[in-house]
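Remarks on the structure that follows.
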Amino acid sequence: MQPFELSLTEASRAVRARELSPVELTESVLARIAAVEGRLGAYVTVAAEAALAAAVRAEREISGSGPRGPLHGIPMALKDLIDAEGMPTTASSHVRAGHVAERDSRVAERLGAAGAVLLGKTHTHEFAYGLTTPQTNNAWDHSRVAGGSSGGSAVAVAAGGATFAMGTDTGGSIRVPAALNGVVGLKPTYGLVPRTGVTSLSWSLDHVGPLTRTVQDAALVLSATAGHDPRDPASVSGPMPDRFPGGDLRGLKVGVPRNHYFDRVTPEVEESVRGAIERLAELGAELVDVEIPMARYIQAVQWGLMVPEATAYHERSLRATPDLYAADVRILLEAGALTSAGDYLRAQRARTMMRDAWARMFDGIDVLAAPTVPMTATEAGQEAVEWADGTTETVSDGYVRLCAPANITGVPALTLPVGHDRAGLPIGMQLMARPFHDATVLRVGRVYEESVAGAGRLAPLAA
């Protein structure tokens with residue numbers, strides 16, 4: 001096994017045992033990037049020299065005083081919305097040409113303090129306003145979409161081009177590409193990981209979180225990045241335990257949706273996810289049928305919040321340089337200017353009602369289990385999908401439909417691989433819990449992951 005094939009947990013263990021040096025690990029991952037990046041397009045920028053210099057420092061520090069923690073000397077990537085001092089933050093847009101970050105984002109600062117090695121910046125759908133990341137190819141099938149908007153981060157992790165990566169999630173932008181590329185993605189509770197120094201799409205829906213090979217890896221990154229930041233007005237000090245125990249699931253109640261989440265999904269997605277839910281029952285969980293409240297309003301609330309907030313953020317640059325935006329993003333930003341204040345306030349009121357209704361739903365369950373996305377990765381350029389009931393849905397609407405509720409309500413949501421379709425493309429299951437019960441979704445995900453074969457598997461991509 002080559003070092004780039006190791007999960008974060010495995011690599012950290014080898015580094016602590018002095019069986020692997022941070023330099024060897026970083027050189028292996030950089031070599032992997034060089035071998036596959038031309039086919040994948042995961043990275044905007046690869047800072048190889050700086051990464052190797054950081055790995056040398058980490059090796060020296062670990063040899064002297066020992067590791068600072070599990071991320072010390074581990075190579076990782078940042079979505080190109082997340083500032084790192086001295087590096088461009090382009091948001092994969094011509095609008096940001098020439099922009100260089102003057103200071104670290106809070107997340108980059110905390111990862112740096114943990115000793116992580118920054119490899120570079122990964123592609124996003126322009127300004128995170130899309131669900132495909134068109135610059136990047138799916139790690140399992142290059143003719144298919146990577147998913148978005150953290151598509152570069154997901155593909156880098158799935159291909160061995162980063163031991164872990166950070167993304168952002170406004171309507172599924174961590175979980176969608178994670179599911180489509182067969183990796184783990186965590187959208188933490190709203191406000192748990194600070195967004196200071198992160199380019200916003202929609203400030204009341206934006207989250208920052210990790211994309212990793214295993215659930216345990218995600219827990220390690222969350223522990224290093226969570227915590228209050230007074231510079232982020234949404235930041236909170238939520239409970240963040242240091243340990244995420246495995247074991248069985250006895251005494252835990254898992255909600256199985258009767259509506260919304262299994263409506264208009266492909267048979268292969270439904271079969272894989274229901275099979276994974278049955279596995280949770282075999283591990284001791286009690287399955288409870290639940291009704292998803294206010295399901296008919298989810299799409300309207302998501303778009304009613306996101307579109308005007310995104311337009312407000314881009315108001316000046318949209319007026320000054322509209323032609324620098326990609327056509328799909330510019331149309332959405334211009335549409336946001338047509339949203340009335342009344343519509344926005346009604347969406348905010350509906351969000352409050354939805355949060356309350358979801359809190360009551362969680363009074364009877366510990367975790368909600370459901371598909372992450374309704375279909376696997378579509379062909380690049382495909383604009384719509386037709387369902388068995390005769391309805392047609394755009395690809396973007398389909399991918400956001402099952403993820404949006406966790407953004408609207410702010411609950412933690414974890415996706416992990418639970419199977420493949422007939423074409424060999426990954427399928428993801430989503431686990432959600434009440435706010436600040438991030439440890440619960442991580443525990444359930446880890447127990448499931450440890451009960452099946454192949455956890456942490458890389459995409460079958462030849463060098």
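Residues in the structure tokens are numbered from 1 in each chain, the chains being A, B, ... in the order shown, and ligands are numbered from 1 in the order shown.
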Residue contacts of A:Leu20 (12 Å, only C-alpha atoms) excluding same-chain residues fewer than 2 positions away, as a VMD selection string: chain A and resid 2 to 4 6 10 to 18 22 to 28 55 59 62 to 63 73 to 74
Would you mind exporting the chosen residues as an mmCIF file, in the first residue's frame, restricted to N, CA and C atoms?
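out.cif was written with the following content:
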```
data_model
loop_
_atom_site.group_PDB
_atom_site.id
_atom_site.type_symbol
_atom_site.label_atom_id
_atom_site.label_comp_id
_atom_site.auth_asym_id
_atom_site.auth_seq_id
_atom_site.Cartn_x
_atom_site.Cartn_y
_atom_site.Cartn_z
ATOM 1 N N GLN A 2 0.557 2.174 -0.884
ATOM 2 C CA GLN A 2 1.274 3.440 -0.947
ATOM 3 C C GLN A 2 0.738 4.403 0.121
ATOM 4 N N PRO A 3 1.571 5.331 0.607
ATOM 5 C CA PRO A 3 1.101 6.257 1.643
ATOM 6 C C PRO A 3 -0.149 7.034 1.252
ATOM 7 N N PHE A 4 -0.297 7.404 -0.034
ATOM 8 C CA PHE A 4 -1.479 8.180 -0.428
ATOM 9 C C PHE A 4 -2.767 7.386 -0.267
ATOM 10 N N LEU A 6 -3.593 5.678 2.371
ATOM 11 C CA LEU A 6 -3.978 5.616 3.777
ATOM 12 C C LEU A 6 -5.067 6.630 4.098
ATOM 13 N N GLU A 10 -5.381 6.158 9.605
ATOM 14 C CA GLU A 10 -4.261 5.238 9.386
ATOM 15 C C GLU A 10 -2.946 6.000 9.250
ATOM 16 N N ALA A 11 -2.954 7.095 8.495
ATOM 17 C CA ALA A 11 -1.728 7.872 8.306
ATOM 18 C C ALA A 11 -1.267 8.476 9.626
ATOM 19 N N SER A 12 -2.202 8.995 10.401
ATOM 20 C CA SER A 12 -1.851 9.587 11.686
ATOM 21 C C SER A 12 -1.228 8.554 12.615
ATOM 22 N N ARG A 13 -1.802 7.357 12.617
ATOM 23 C CA ARG A 13 -1.257 6.287 13.456
ATOM 24 C C ARG A 13 0.168 5.936 13.034
ATOM 25 N N ALA A 14 0.411 5.866 11.719
ATOM 26 C CA ALA A 14 1.745 5.534 11.211
ATOM 27 C C ALA A 14 2.748 6.634 11.515
ATOM 28 N N VAL A 15 2.315 7.888 11.426
ATOM 29 C CA VAL A 15 3.208 9.004 11.748
ATOM 30 C C VAL A 15 3.574 8.987 13.230
ATOM 31 N N ARG A 16 2.568 8.768 14.088
ATOM 32 C CA ARG A 16 2.843 8.737 15.535
ATOM 33 C C ARG A 16 3.776 7.586 15.905
ATOM 34 N N ALA A 17 3.637 6.470 15.183
ATOM 35 C CA ALA A 17 4.485 5.301 15.465
ATOM 36 C C ALA A 17 5.861 5.417 14.812
ATOM 37 N N ARG A 18 6.131 6.523 14.127
ATOM 38 C CA ARG A 18 7.389 6.764 13.407
ATOM 39 C C ARG A 18 7.631 5.723 12.310
ATOM 40 N N PRO A 22 5.951 12.621 7.778
ATOM 41 C CA PRO A 22 5.103 13.559 7.035
ATOM 42 C C PRO A 22 5.638 13.877 5.646
ATOM 43 N N VAL A 23 6.969 13.865 5.502
ATOM 44 C CA VAL A 23 7.553 14.148 4.182
ATOM 45 C C VAL A 23 7.233 13.018 3.211
ATOM 46 N N GLU A 24 7.393 11.773 3.652
ATOM 47 C CA GLU A 24 7.065 10.639 2.790
ATOM 48 C C GLU A 24 5.590 10.656 2.388
ATOM 49 N N LEU A 25 4.736 10.950 3.360
ATOM 50 C CA LEU A 25 3.299 10.989 3.085
ATOM 51 C C LEU A 25 2.962 12.092 2.098
ATOM 52 N N THR A 26 3.498 13.278 2.322
ATOM 53 C CA THR A 26 3.202 14.418 1.446
ATOM 54 C C THR A 26 3.760 14.185 0.053
ATOM 55 N N GLU A 27 4.974 13.634 -0.053
ATOM 56 C CA GLU A 27 5.540 13.331 -1.370
ATOM 57 C C GLU A 27 4.669 12.328 -2.121
ATOM 58 N N SER A 28 4.141 11.335 -1.411
ATOM 59 C CA SER A 28 3.289 10.327 -2.043
ATOM 60 C C SER A 28 1.998 10.947 -2.562
ATOM 61 N N ALA A 55 5.766 20.004 5.454
ATOM 62 C CA ALA A 55 5.966 18.623 5.880
ATOM 63 C C ALA A 55 7.314 18.442 6.565
ATOM 64 N N GLU A 59 7.797 17.162 10.344
ATOM 65 C CA GLU A 59 8.661 16.025 10.688
ATOM 66 C C GLU A 59 9.653 16.412 11.777
ATOM 67 N N ILE A 62 7.699 16.770 15.130
ATOM 68 C CA ILE A 62 7.275 15.486 15.674
ATOM 69 C C ILE A 62 8.477 14.717 16.221
ATOM 70 N N SER A 63 9.608 14.813 15.529
ATOM 71 C CA SER A 63 10.820 14.146 16.011
ATOM 72 C C SER A 63 11.317 14.760 17.307
ATOM 73 N N GLY A 73 1.166 16.848 10.403
ATOM 74 C CA GLY A 73 1.879 16.253 9.294
ATOM 75 C C GLY A 73 1.001 15.613 8.241
ATOM 76 N N ILE A 74 -0.319 15.812 8.319
ATOM 77 C CA ILE A 74 -1.260 15.180 7.391
ATOM 78 C C ILE A 74 -1.597 16.142 6.249
#
```
Which residues of stretch 339-428 of chain A come within 9 Å of stretch 280-300 of chain A, and what is each one's closest atom pair and distance in Å (one decimal), counting only C-alpha atoms, sorted by chain and residue number, as a Markdown table?
```
| residue | atom | partner | partner_atom | distance |
| --- | --- | --- | --- | --- |
| A:Ala347 | CA | A:Ala300 | CA | 7.6 |
| A:Ala350 | CA | A:Tyr297 | CA | 8.1 |
| A:Arg351 | CA | A:Ile298 | CA | 8.9 |
| A:Met353 | CA | A:Met294 | CA | 8.7 |
| A:Met354 | CA | A:Met294 | CA | 6.6 |
| A:Ala357 | CA | A:Pro293 | CA | 6.2 |
| A:Trp358 | CA | A:Pro293 | CA | 6.7 |
| A:Met361 | CA | A:Val290 | CA | 7.5 |
| A:Gly364 | CA | A:Val288 | CA | 8.4 |
| A:Ile365 | CA | A:Val288 | CA | 7.3 |
| A:Leu368 | CA | A:Val290 | CA | 8.7 |
| A:Asp397 | CA | A:Gln299 | CA | 8.4 |
| A:Val400 | CA | A:Gln299 | CA | 8.5 |
| A:Arg401 | CA | A:Gln299 | CA | 6.8 |
| A:Ala404 | CA | A:Ile298 | CA | 7.1 |
| A:Pro405 | CA | A:Ile298 | CA | 6.5 |
| A:Ile408 | CA | A:Ile298 | CA | 8.2 |
```
Let's have the selection written as a short mmCIF file (atom, residue, chain, number, x, y, z; two decimals), in the first residue's frame, with all heavy atoms.
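again-v8.cif, written as the output of this step:
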```
data_model
loop_
_atom_site.label_atom_id
_atom_site.label_comp_id
_atom_site.auth_asym_id
_atom_site.auth_seq_id
_atom_site.Cartn_x
_atom_site.Cartn_y
_atom_site.Cartn_z
N ALA A 347 -40.02 33.38 3.80
CA ALA A 347 -39.12 32.22 3.83
C ALA A 347 -38.46 32.09 5.20
O ALA A 347 -38.31 30.98 5.73
CB ALA A 347 -38.06 32.35 2.73
N ALA A 350 -41.07 30.71 7.57
CA ALA A 350 -41.28 29.28 7.32
C ALA A 350 -40.11 28.46 7.85
O ALA A 350 -40.30 27.35 8.37
CB ALA A 350 -41.47 29.04 5.83
N ARG A 351 -38.89 29.00 7.75
CA ARG A 351 -37.72 28.30 8.29
C ARG A 351 -37.85 28.12 9.81
O ARG A 351 -37.55 27.05 10.34
CB ARG A 351 -36.44 29.07 7.96
CG ARG A 351 -35.16 28.29 8.35
CD ARG A 351 -34.25 29.09 9.25
NE ARG A 351 -33.77 30.26 8.60
CZ ARG A 351 -32.66 30.31 7.87
NH1 ARG A 351 -31.94 29.23 7.67
NH2 ARG A 351 -32.28 31.45 7.35
N MET A 353 -40.61 27.95 11.53
CA MET A 353 -41.63 26.92 11.75
C MET A 353 -41.08 25.53 11.47
O MET A 353 -41.38 24.56 12.18
CB MET A 353 -42.84 27.21 10.87
CG MET A 353 -43.55 28.52 11.21
SD MET A 353 -44.77 28.99 9.94
CE MET A 353 -45.95 27.65 10.11
N MET A 354 -40.25 25.41 10.41
CA MET A 354 -39.68 24.11 10.06
C MET A 354 -38.70 23.64 11.13
O MET A 354 -38.67 22.45 11.49
CB MET A 354 -39.00 24.21 8.70
CG MET A 354 -38.75 22.86 8.04
SD MET A 354 -38.10 23.01 6.36
CE MET A 354 -39.49 23.77 5.51
N ALA A 357 -40.74 22.29 13.95
CA ALA A 357 -41.36 21.01 13.61
C ALA A 357 -40.34 19.88 13.61
O ALA A 357 -40.63 18.76 14.05
CB ALA A 357 -42.05 21.12 12.25
N TRP A 358 -39.13 20.15 13.11
CA TRP A 358 -38.09 19.12 13.12
C TRP A 358 -37.65 18.80 14.55
O TRP A 358 -37.35 17.65 14.86
CB TRP A 358 -36.90 19.57 12.26
CG TRP A 358 -37.07 19.19 10.82
CD1 TRP A 358 -38.08 19.56 9.98
CD2 TRP A 358 -36.20 18.35 10.05
NE1 TRP A 358 -37.89 19.01 8.74
CE2 TRP A 358 -36.76 18.26 8.75
CE3 TRP A 358 -35.02 17.68 10.33
CZ2 TRP A 358 -36.15 17.51 7.73
CZ3 TRP A 358 -34.42 16.93 9.32
CH2 TRP A 358 -34.98 16.85 8.05
N MET A 361 -40.03 16.40 15.81
CA MET A 361 -39.79 15.09 15.20
C MET A 361 -38.67 14.36 15.92
O MET A 361 -38.76 13.15 16.20
CB MET A 361 -39.45 15.26 13.72
CG MET A 361 -39.14 13.95 13.00
SD MET A 361 -38.63 14.21 11.26
CE MET A 361 -37.01 14.96 11.49
N GLY A 364 -38.83 12.03 19.20
CA GLY A 364 -39.12 10.60 19.19
C GLY A 364 -38.02 9.73 18.60
O GLY A 364 -38.14 8.50 18.60
N ILE A 365 -36.96 10.35 18.07
CA ILE A 365 -35.88 9.58 17.46
C ILE A 365 -34.54 10.22 17.81
O ILE A 365 -34.47 11.38 18.22
CB ILE A 365 -36.01 9.50 15.92
CG1 ILE A 365 -36.01 10.91 15.30
CG2 ILE A 365 -37.24 8.70 15.52
CD1 ILE A 365 -35.98 10.93 13.78
N LEU A 368 -32.11 10.46 12.04
CA LEU A 368 -32.92 10.26 10.85
C LEU A 368 -32.00 9.71 9.77
O LEU A 368 -30.92 10.27 9.51
CB LEU A 368 -33.53 11.58 10.39
CG LEU A 368 -34.45 11.54 9.15
CD1 LEU A 368 -35.75 10.81 9.49
CD2 LEU A 368 -34.73 12.95 8.65
N ASP A 397 -31.83 20.66 -9.01
CA ASP A 397 -32.94 20.54 -8.07
C ASP A 397 -32.98 19.14 -7.45
O ASP A 397 -33.27 18.98 -6.26
CB ASP A 397 -34.28 20.81 -8.78
CG ASP A 397 -34.54 22.31 -8.97
OD1 ASP A 397 -33.81 23.11 -8.36
OD2 ASP A 397 -35.46 22.65 -9.72
N VAL A 400 -30.16 18.84 -4.74
CA VAL A 400 -30.34 19.64 -3.53
C VAL A 400 -31.56 19.21 -2.72
O VAL A 400 -31.64 19.46 -1.51
CB VAL A 400 -30.44 21.14 -3.89
CG1 VAL A 400 -31.82 21.50 -4.43
CG2 VAL A 400 -30.09 22.03 -2.70
N ARG A 401 -32.49 18.50 -3.34
CA ARG A 401 -33.80 18.25 -2.73
C ARG A 401 -33.72 17.53 -1.39
O ARG A 401 -34.44 17.86 -0.45
CB ARG A 401 -34.66 17.46 -3.72
CG ARG A 401 -35.97 16.95 -3.18
CD ARG A 401 -36.95 16.60 -4.29
NE ARG A 401 -36.39 15.83 -5.38
CZ ARG A 401 -36.38 14.49 -5.44
NH1 ARG A 401 -36.88 13.78 -4.45
NH2 ARG A 401 -35.87 13.86 -6.49
N ALA A 404 -31.29 19.84 1.38
CA ALA A 404 -31.69 21.18 1.83
C ALA A 404 -32.29 21.22 3.24
O ALA A 404 -32.02 22.18 3.98
CB ALA A 404 -32.66 21.79 0.83
N PRO A 405 -33.09 20.24 3.66
CA PRO A 405 -33.69 20.36 4.99
C PRO A 405 -32.67 20.54 6.11
O PRO A 405 -32.93 21.29 7.07
CB PRO A 405 -34.45 19.03 5.15
CG PRO A 405 -34.81 18.65 3.76
CD PRO A 405 -33.64 19.08 2.93
N ILE A 408 -31.64 24.23 6.09
CA ILE A 408 -32.70 25.10 6.57
C ILE A 408 -32.83 25.02 8.09
O ILE A 408 -32.96 26.04 8.77
CB ILE A 408 -34.05 24.72 5.90
CG1 ILE A 408 -33.99 24.98 4.39
CG2 ILE A 408 -35.21 25.50 6.52
CD1 ILE A 408 -35.15 24.35 3.62
#
```
Which of stretch 142-230 of chain A fall in strand (DSSP E or B), as a ChimeraX atom specification: /A:144-145,164-169,184-187,198,207-212
Store the residues picked out above in a file with N, CA, C and O atoms, as a short mmCIF file (atom, residue, chain, number, x, y, z; two decimals), in the first residue's frame.
```
data_model
loop_
_atom_site.label_atom_id
_atom_site.label_comp_id
_atom_site.auth_asym_id
_atom_site.auth_seq_id
_atom_site.Cartn_x
_atom_site.Cartn_y
_atom_site.Cartn_z
N ARG A 144 -18.81 11.74 -15.98
CA ARG A 144 -19.92 12.15 -15.13
C ARG A 144 -19.53 13.31 -14.22
O ARG A 144 -18.36 13.61 -14.02
N VAL A 145 -20.55 13.96 -13.67
CA VAL A 145 -20.31 15.15 -12.84
C VAL A 145 -19.67 14.75 -11.52
O VAL A 145 -19.90 13.65 -10.99
N PHE A 164 -7.39 14.46 3.45
CA PHE A 164 -8.73 14.98 3.72
C PHE A 164 -8.82 16.37 3.11
O PHE A 164 -7.81 16.93 2.67
N ALA A 165 -10.02 16.90 3.02
CA ALA A 165 -10.22 18.22 2.45
C ALA A 165 -11.38 18.91 3.16
O ALA A 165 -12.22 18.25 3.77
N MET A 166 -11.40 20.22 3.05
CA MET A 166 -12.49 21.00 3.62
C MET A 166 -13.37 21.52 2.50
O MET A 166 -12.91 21.89 1.42
N GLY A 167 -14.69 21.55 2.78
CA GLY A 167 -15.65 22.08 1.84
C GLY A 167 -16.64 22.99 2.54
O GLY A 167 -16.53 23.23 3.75
N THR A 168 -17.60 23.48 1.78
CA THR A 168 -18.70 24.25 2.36
C THR A 168 -20.01 23.66 1.86
O THR A 168 -20.05 23.01 0.82
N ASP A 169 -21.08 23.91 2.62
CA ASP A 169 -22.37 23.28 2.34
C ASP A 169 -23.48 24.27 2.62
O ASP A 169 -23.69 24.68 3.77
N VAL A 184 -16.84 10.24 2.60
CA VAL A 184 -17.63 10.72 3.73
C VAL A 184 -17.65 12.24 3.71
O VAL A 184 -16.63 12.88 3.46
N GLY A 185 -18.81 12.83 3.97
CA GLY A 185 -18.92 14.28 4.06
C GLY A 185 -19.76 14.65 5.27
O GLY A 185 -20.82 14.06 5.50
N LEU A 186 -19.31 15.63 6.02
CA LEU A 186 -20.03 16.07 7.23
C LEU A 186 -20.37 17.54 7.13
O LEU A 186 -19.48 18.39 6.98
N LYS A 187 -21.67 17.84 7.21
CA LYS A 187 -22.14 19.21 7.43
C LYS A 187 -22.45 19.31 8.91
O LYS A 187 -23.43 18.76 9.40
N VAL A 198 -14.27 32.84 4.89
CA VAL A 198 -14.82 31.92 3.89
C VAL A 198 -15.81 32.71 3.03
O VAL A 198 -16.74 33.32 3.55
N HIS A 207 -22.37 26.42 5.77
CA HIS A 207 -21.65 25.62 6.76
C HIS A 207 -20.28 25.26 6.20
O HIS A 207 -20.12 25.15 4.99
N VAL A 208 -19.31 25.03 7.06
CA VAL A 208 -17.99 24.53 6.68
C VAL A 208 -17.79 23.16 7.32
O VAL A 208 -18.14 22.97 8.49
N GLY A 209 -17.25 22.21 6.56
CA GLY A 209 -17.05 20.89 7.13
C GLY A 209 -16.08 20.05 6.32
O GLY A 209 -15.64 20.45 5.23
N PRO A 210 -15.74 18.85 6.81
CA PRO A 210 -14.72 18.01 6.17
C PRO A 210 -15.28 17.00 5.18
O PRO A 210 -16.42 16.53 5.31
N LEU A 211 -14.45 16.64 4.22
CA LEU A 211 -14.65 15.50 3.34
C LEU A 211 -13.48 14.55 3.57
O LEU A 211 -12.31 14.98 3.49
N THR A 212 -13.78 13.31 3.89
CA THR A 212 -12.76 12.38 4.34
C THR A 212 -13.02 10.99 3.76
O THR A 212 -14.04 10.73 3.14
#
```
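Closest approach to A:Thr266 among A:Arg250, A:Arg349, A:Arg39, A:Arg422 is made by A:Arg422 (distances from only C-alpha atoms).
The coordinates place atom CA of A:Ala370 at 16.0 Å from atom CA of A:Thr409.
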Compile a residue-level contact table for stretch 290-351 of chain A against stretch 131-141 of chain A at a cut-off of 12 Å, reporting for every qualifying residue the shortest atom pair and its distance in Å to one decimal, with only C-alpha atoms counted, rows ordered by chain and ascending number, as CSV.
```
residue,atom,partner,partner_atom,distance
A:Ala326,CA,A:Pro134,CA,11.0
A:Asp328,CA,A:Leu131,CA,11.3
A:Val329,CA,A:Leu131,CA,11.3
```
Residues of stretch 134-299 of chain A in alpha helix (DSSP H), written as a VMD selection string: chain A and resid 151 to 159 175 to 181 215 to 225 267 to 282 298 to 299
Counting only C-alpha atoms, the option among A:Ala101, A:Ala156, A:Leu333, A:Val441 closest to A:Pro75: A:Ala156
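For the residues A:Gly98, A:Gly410, A:Pro374, A:Pro308, ranking by smallest atom-to-atom distance to A:Trp387 using only C-alpha atoms places A:Pro374 first.
Comparing A:Pro435, A:Gly152, A:Gly424, A:Pro417 by their smallest distance to A:Gly182, the closest is A:Pro417 (using only C-alpha atoms).
Restricting the calculation to only C-alpha atoms, the smallest distance between A:Ala159 and any of A:Arg457, A:Arg316, A:His94, A:Arg443 is found for A:Arg457.
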Contacts of A:Ala48 at 12 Å (only C-alpha atoms; same-chain gap of 6+ positions) as a VMD selection string: chain A and resid 23 26 to 34 54 to 55 75 to 77 117 to 121
Next, dump the selected residues to file, keeping only N, CA, C and O atoms, as an mmCIF file, in the first residue's frame.
```
data_model
loop_
_atom_site.group_PDB
_atom_site.id
_atom_site.type_symbol
_atom_site.label_atom_id
_atom_site.label_comp_id
_atom_site.auth_asym_id
_atom_site.auth_seq_id
_atom_site.Cartn_x
_atom_site.Cartn_y
_atom_site.Cartn_z
ATOM 1 N N VAL A 23 6.969 13.865 5.502
ATOM 2 C CA VAL A 23 7.553 14.148 4.182
ATOM 3 C C VAL A 23 7.233 13.018 3.211
ATOM 4 O O VAL A 23 6.821 13.254 2.067
ATOM 5 N N THR A 26 3.498 13.278 2.322
ATOM 6 C CA THR A 26 3.202 14.418 1.446
ATOM 7 C C THR A 26 3.760 14.185 0.053
ATOM 8 O O THR A 26 3.092 14.491 -0.957
ATOM 9 N N GLU A 27 4.974 13.634 -0.053
ATOM 10 C CA GLU A 27 5.540 13.331 -1.370
ATOM 11 C C GLU A 27 4.669 12.328 -2.121
ATOM 12 O O GLU A 27 4.453 12.460 -3.336
ATOM 13 N N SER A 28 4.141 11.335 -1.411
ATOM 14 C CA SER A 28 3.289 10.327 -2.043
ATOM 15 C C SER A 28 1.998 10.947 -2.562
ATOM 16 O O SER A 28 1.566 10.664 -3.689
ATOM 17 N N VAL A 29 1.373 11.816 -1.757
ATOM 18 C CA VAL A 29 0.124 12.445 -2.185
ATOM 19 C C VAL A 29 0.369 13.403 -3.348
ATOM 20 O O VAL A 29 -0.415 13.445 -4.308
ATOM 21 N N LEU A 30 1.468 14.154 -3.299
ATOM 22 C CA LEU A 30 1.784 15.055 -4.412
ATOM 23 C C LEU A 30 2.051 14.269 -5.692
ATOM 24 O O LEU A 30 1.643 14.697 -6.785
ATOM 25 N N ALA A 31 2.716 13.134 -5.575
ATOM 26 C CA ALA A 31 2.948 12.300 -6.754
ATOM 27 C C ALA A 31 1.626 11.773 -7.310
ATOM 28 O O ALA A 31 1.441 11.670 -8.534
ATOM 29 N N ARG A 32 0.698 11.434 -6.425
ATOM 30 C CA ARG A 32 -0.621 10.978 -6.861
ATOM 31 C C ARG A 32 -1.362 12.090 -7.600
ATOM 32 O O ARG A 32 -1.994 11.851 -8.638
ATOM 33 N N ILE A 33 -1.290 13.310 -7.068
ATOM 34 C CA ILE A 33 -1.918 14.449 -7.743
ATOM 35 C C ILE A 33 -1.346 14.596 -9.145
ATOM 36 O O ILE A 33 -2.077 14.751 -10.132
ATOM 37 N N ALA A 34 -0.010 14.522 -9.263
ATOM 38 C CA ALA A 34 0.631 14.681 -10.568
ATOM 39 C C ALA A 34 0.186 13.598 -11.541
ATOM 40 O O ALA A 34 0.060 13.846 -12.752
ATOM 41 N N ALA A 54 6.290 22.601 4.622
ATOM 42 C CA ALA A 54 5.486 22.397 5.829
ATOM 43 C C ALA A 54 5.645 20.976 6.357
ATOM 44 O O ALA A 54 5.671 20.745 7.578
ATOM 45 N N ALA A 55 5.766 20.004 5.454
ATOM 46 C CA ALA A 55 5.966 18.623 5.880
ATOM 47 C C ALA A 55 7.314 18.442 6.565
ATOM 48 O O ALA A 55 7.426 17.703 7.558
ATOM 49 N N PRO A 75 -1.379 15.743 4.993
ATOM 50 C CA PRO A 75 -1.648 16.642 3.858
ATOM 51 C C PRO A 75 -3.138 16.760 3.544
ATOM 52 O O PRO A 75 -3.857 15.762 3.477
ATOM 53 N N MET A 76 -3.585 17.993 3.344
ATOM 54 C CA MET A 76 -5.011 18.247 3.119
ATOM 55 C C MET A 76 -5.183 19.382 2.121
ATOM 56 O O MET A 76 -4.237 20.085 1.768
ATOM 57 N N ALA A 77 -6.434 19.574 1.684
ATOM 58 C CA ALA A 77 -6.756 20.623 0.715
ATOM 59 C C ALA A 77 -7.917 21.456 1.221
ATOM 60 O O ALA A 77 -8.726 20.997 2.027
ATOM 61 N N VAL A 117 -0.831 19.856 6.785
ATOM 62 C CA VAL A 117 -0.017 20.340 5.658
ATOM 63 C C VAL A 117 -0.944 20.708 4.506
ATOM 64 O O VAL A 117 -1.652 19.852 3.965
ATOM 65 N N LEU A 118 -0.946 21.973 4.103
ATOM 66 C CA LEU A 118 -1.825 22.447 3.034
ATOM 67 C C LEU A 118 -1.217 22.151 1.670
ATOM 68 O O LEU A 118 -0.140 22.643 1.335
ATOM 69 N N LEU A 119 -1.927 21.346 0.877
ATOM 70 C CA LEU A 119 -1.487 20.982 -0.469
ATOM 71 C C LEU A 119 -1.871 22.025 -1.503
ATOM 72 O O LEU A 119 -1.134 22.261 -2.470
ATOM 73 N N GLY A 120 -3.055 22.628 -1.340
ATOM 74 C CA GLY A 120 -3.530 23.587 -2.321
ATOM 75 C C GLY A 120 -5.015 23.813 -2.203
ATOM 76 O O GLY A 120 -5.648 23.448 -1.209
ATOM 77 N N LYS A 121 -5.585 24.416 -3.239
ATOM 78 C CA LYS A 121 -6.990 24.798 -3.265
ATOM 79 C C LYS A 121 -7.730 23.979 -4.324
ATOM 80 O O LYS A 121 -7.246 23.800 -5.439
#
```
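Rounded to one decimal, atom CA of A:Trp203 and atom CA of A:Ile427 lie 29.1 Å from each other.
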